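**Q** Sending over a structure as structure tokens; questions will come in a sec.
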Amino acid sequence: MQEINASIGFDKRLWQQDIAGSKAHARMLAAQAIISEAERDAILAGLDSIAEEIASGSFSFSTTSEDIHLNIEAALAERIGEAGRRLHTARSRNDQVALDLRLWVRDVLDELDAQLLALLRALLNQAERYAASPMPGFTHLQIAQPITFGHHLLAYVEMLGRDRARFADCRARLNECPLGAAALAGTSFPIDRHTTASALGFARPMANSLDAVSSRDFALEFLATAAICATHLSRFAEEIVIWASAPFHFVRLSDAFTTGSSIMPQKRNPDAAELVRAKTGRINGNLVALLTVMKGLPLAYAKDMQEDKEPVFDTADTLALCLAATEGMVRDLEANEAAMRRWAAEGFATATDLADWLVRTLGLPFRDAHHITGRIVALAEAKGCGLADLSLDELRSVEPRVTADIYSVLSVEASIASRTSYGGTAPDNVRAQIAAWRERLG
Ligand code: ARG
């Protein structure tokens with residue numbers, strides 16, 4: 001029973017939040033004359049001494065006390081006697097654990113936000129460096145149209161910027177205080193939940209005591225947002241793995257974020273990127289785990305909810321690690337501009353520009369221009385050359401009205417520079433977006 005029942009092995013990570021909650025509760029109990037001021041002072045001093053011991057590693061956690069709440073309460077009673085046994089007046093471990101986990105997730109959200117900000121800044125620095133550097137843009141992983149590397153990196157800035165906003169939404173929604181809901185029905189003691197809520201930095205107390213002890217949607221929202229963020233990091237990691245492979249050779253990762261092979265001396269393996277890609281699996285799994293725990297649980301508290309902590313802790317730790325590794329990789333990344341430029345010109349990547357020229361200059365409907373361009377591409381393919389390498393006579397054999405002006409749109413640089421529509425890849429657009437992001441991030 002002890003083995004299946006105990007959570008102290010993992011919920012000791014909530015000790016700071018547990019002590020902060022208990023201190024706020026004790027102060028409120030005294031202010032409401034539910035305990036005396038002397039009892040309050042003894043409780044606060046006792047909690048401080050416990051906090052010091054836990055921080056220094058000298059506190060001995062007992063496995064016979066089920067969880068962090070009982071461990072701290074037992075130690076307090078041992079130290080200060082009866083006053084310690086009054087602390088649990090007008091509360092329950094049900095509101096206590098709901099409070100502690102909310103506080104813990106709130107702290108983690110602030111830490112992750114700082115990490116996301118650092119990663120965004122690293123991406124913006126690289127986007128600026130490569131704002132005009134051509135690379136092939138892909139669809140279906142087939143060369144599609146030329147873009148700039150800076151533009152590609154800015155796509156991740158947008159995604160991670162939305163992740164930040166999702167975490168901020170999650171923080172705002174979770175910032176209501178469950179303390180004082182007691183076991184499930186509230187309490188007959190004259191407590192002041194508004195005071196404890198504001199002392200702990202919450203916007204307000206939660207309005208329904210059943211909801212306060214039985215809801216874990218704040219944890220689910222955290223896990224879901226983290227899963228979306230990890231999925232973004234995983235896609236980026238996958239691109240890094242592809243780009244760093246020898247046949248692509250688009251980027252070079254630093255030694256700090258690659259490993260060698262014990263048998264093949266030439267290898268530089270992108271292990272950090274591979275692990276960021278892989279760790280998304282457990283982050284997604286943690287979301288599904290807690291969703292599955294919560295579905296079908298009747299109100300209010302059920303012990304099932306003790307299973308909320310490990311997925312939350314693991315996701316927080318794993319995402320922090322992935323963000324740090326990704327930031328490091330981005331900071332050190334060197335693009336191979338020559339290889340990217342060469343491939344940007346491959347695969348008839350400016351075929352769309354050719355079709356657009358036929359529309360703009362000859363007034364053809366786009367569908368007809370698309371058809372003619374297809375025949376020109378087939379001609380180039382048969383000759384084993386690029387579009388810009390076809391002679392004017394060769395182009396005219398397909399469409400007699402073509403003029404030499406068409407060559408002005410067939411180069412990679414011309415193609416990129418022409419993509420000036422809002423959100424497009426033209427270098428001036430990319431630079432404007434970088435400036436806008438810098439302004440936004442402050
Ligand atoms: N260790 C428990 C948890 O993590 C604390 C709440 C226990 N409450 C109870 N009534 N048994 O959920």
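Residues in the structure tokens are numbered from 1 in each chain, the chains being A, B, ... in the order shown, and ligands are numbered from 1 in the order shown.
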Using only C-alpha atoms and all ligand atoms, find each residue with an atom at most 12 Å away from ligand 1 and format the answer as a ChimeraX atom specification.
**A** /A:2,4-14,18,65-71,91-101,182-184,213-216,300-310
**Q** Can you list every residue of segment 168-268 of chain A that has an atom at most 12 Å from segment 136-143 of chain A, with its nearest atom pair and the distance in Å to one decimal, using only C-alpha atoms, ordered by chain then number, as CSV?
**A**
residue,atom,partner,partner_atom,distance
A:Glu239,CA,A:Leu141,CA,10.3
A:Ile242,CA,A:Leu141,CA,10.3
A:Trp243,CA,A:Pro136,CA,11.5
A:Phe248,CA,A:Pro136,CA,11.1
A:Phe250,CA,A:Pro136,CA,10.2
**Q** Skip Asp48 of chain A itself and residues of its chain fewer than 4 positions away, then list as a ChimeraX atom specification all residues within 12 Å of it, counting only C-alpha atoms.
**A** /A:15-16,18-20,22-23,41-44,52-55,72,75-76,79
**Q** Can you tell me, as a list of chain:residue names, what residues are no more than 10 Å from Ala227 of chain A when counting only C-alpha atoms, ignoring any on the same chain fewer than 4 positions away?
**A** A:Asp163, A:Glu221, A:Phe222, A:Leu223, A:Thr231, A:His232, A:Leu233, A:Thr280, A:Gly281, A:Arg282, A:Ile283, A:Asn284, A:Gly285, A:Asn286, A:Leu287, A:Thr315, A:Leu319
**Q** Quick check, in Å to one decimal: how far apart do atom CA of Glu346 of chain A and atom CA of Thr425 of chain A lie?
**A**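 Between atom CA of Glu346 of chain A and atom CA of Thr425 of chain A the gap is 18.0 Å.
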**Q** For Ala181 of chain A, which residue among A:Asp393, A:Asp211, A:Glu158, A:Glu128 is the nearest when counting only C-alpha atoms?
**A** A:Asp211
**Q** Using Å and a single decimal, report how far atom CA of Ala436 of chain A sits from atom CA of Tyr156 of chain A.
**A**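 These two atoms are separated by 15.0 Å.
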**Q** Quick one: residues within 6 Å of Glu176 of chain A, only C-alpha atoms counted, chain neighbours fewer than 5 positions away excluded, as a list in words?
**A** Phe202, Ala203, Arg204, Pro205 and Met206 of chain A
**Q** Would you output that residue set with N, CA, C and O atoms, as a short mmCIF file (atom, residue, chain, number, x, y, z; two decimals), in the first residue's frame?
**A**
data_model
loop_
_atom_site.label_atom_id
_atom_site.label_comp_id
_atom_site.auth_asym_id
_atom_site.auth_seq_id
_atom_site.Cartn_x
_atom_site.Cartn_y
_atom_site.Cartn_z
N PHE A 202 -2.06 35.59 -6.81
CA PHE A 202 -3.16 35.20 -7.70
C PHE A 202 -4.08 36.39 -7.96
O PHE A 202 -4.19 37.30 -7.13
N ALA A 203 -4.77 36.34 -9.08
CA ALA A 203 -5.68 37.43 -9.43
C ALA A 203 -6.92 37.41 -8.53
O ALA A 203 -7.49 38.46 -8.22
N ARG A 204 -7.34 36.22 -8.12
CA ARG A 204 -8.56 36.08 -7.31
C ARG A 204 -8.66 34.66 -6.80
O ARG A 204 -7.97 33.78 -7.34
N PRO A 205 -9.50 34.42 -5.79
CA PRO A 205 -9.75 33.03 -5.39
C PRO A 205 -10.65 32.35 -6.41
O PRO A 205 -11.45 33.01 -7.08
N MET A 206 -10.51 31.03 -6.54
CA MET A 206 -11.42 30.29 -7.43
C MET A 206 -12.82 30.32 -6.83
O MET A 206 -13.01 30.24 -5.62
#
**Q** Apply DSSP to the backbone of this structure and, from segment 165-339 of chain A, keep only the residues in alpha helix (DSSP H); write these as number ranges by chain.
**A** A: 165-174, 193-199, 209-214, 217-244, 271-294, 309-332, 337-339
**Q** Let me make sure I understand: among A:Ala272, A:Leu116, A:Ala345, A:Met329, which one has the smallest atom-to-atom distance to Arg162 of chain A if we use only C-alpha atoms?
**A** A:Leu116
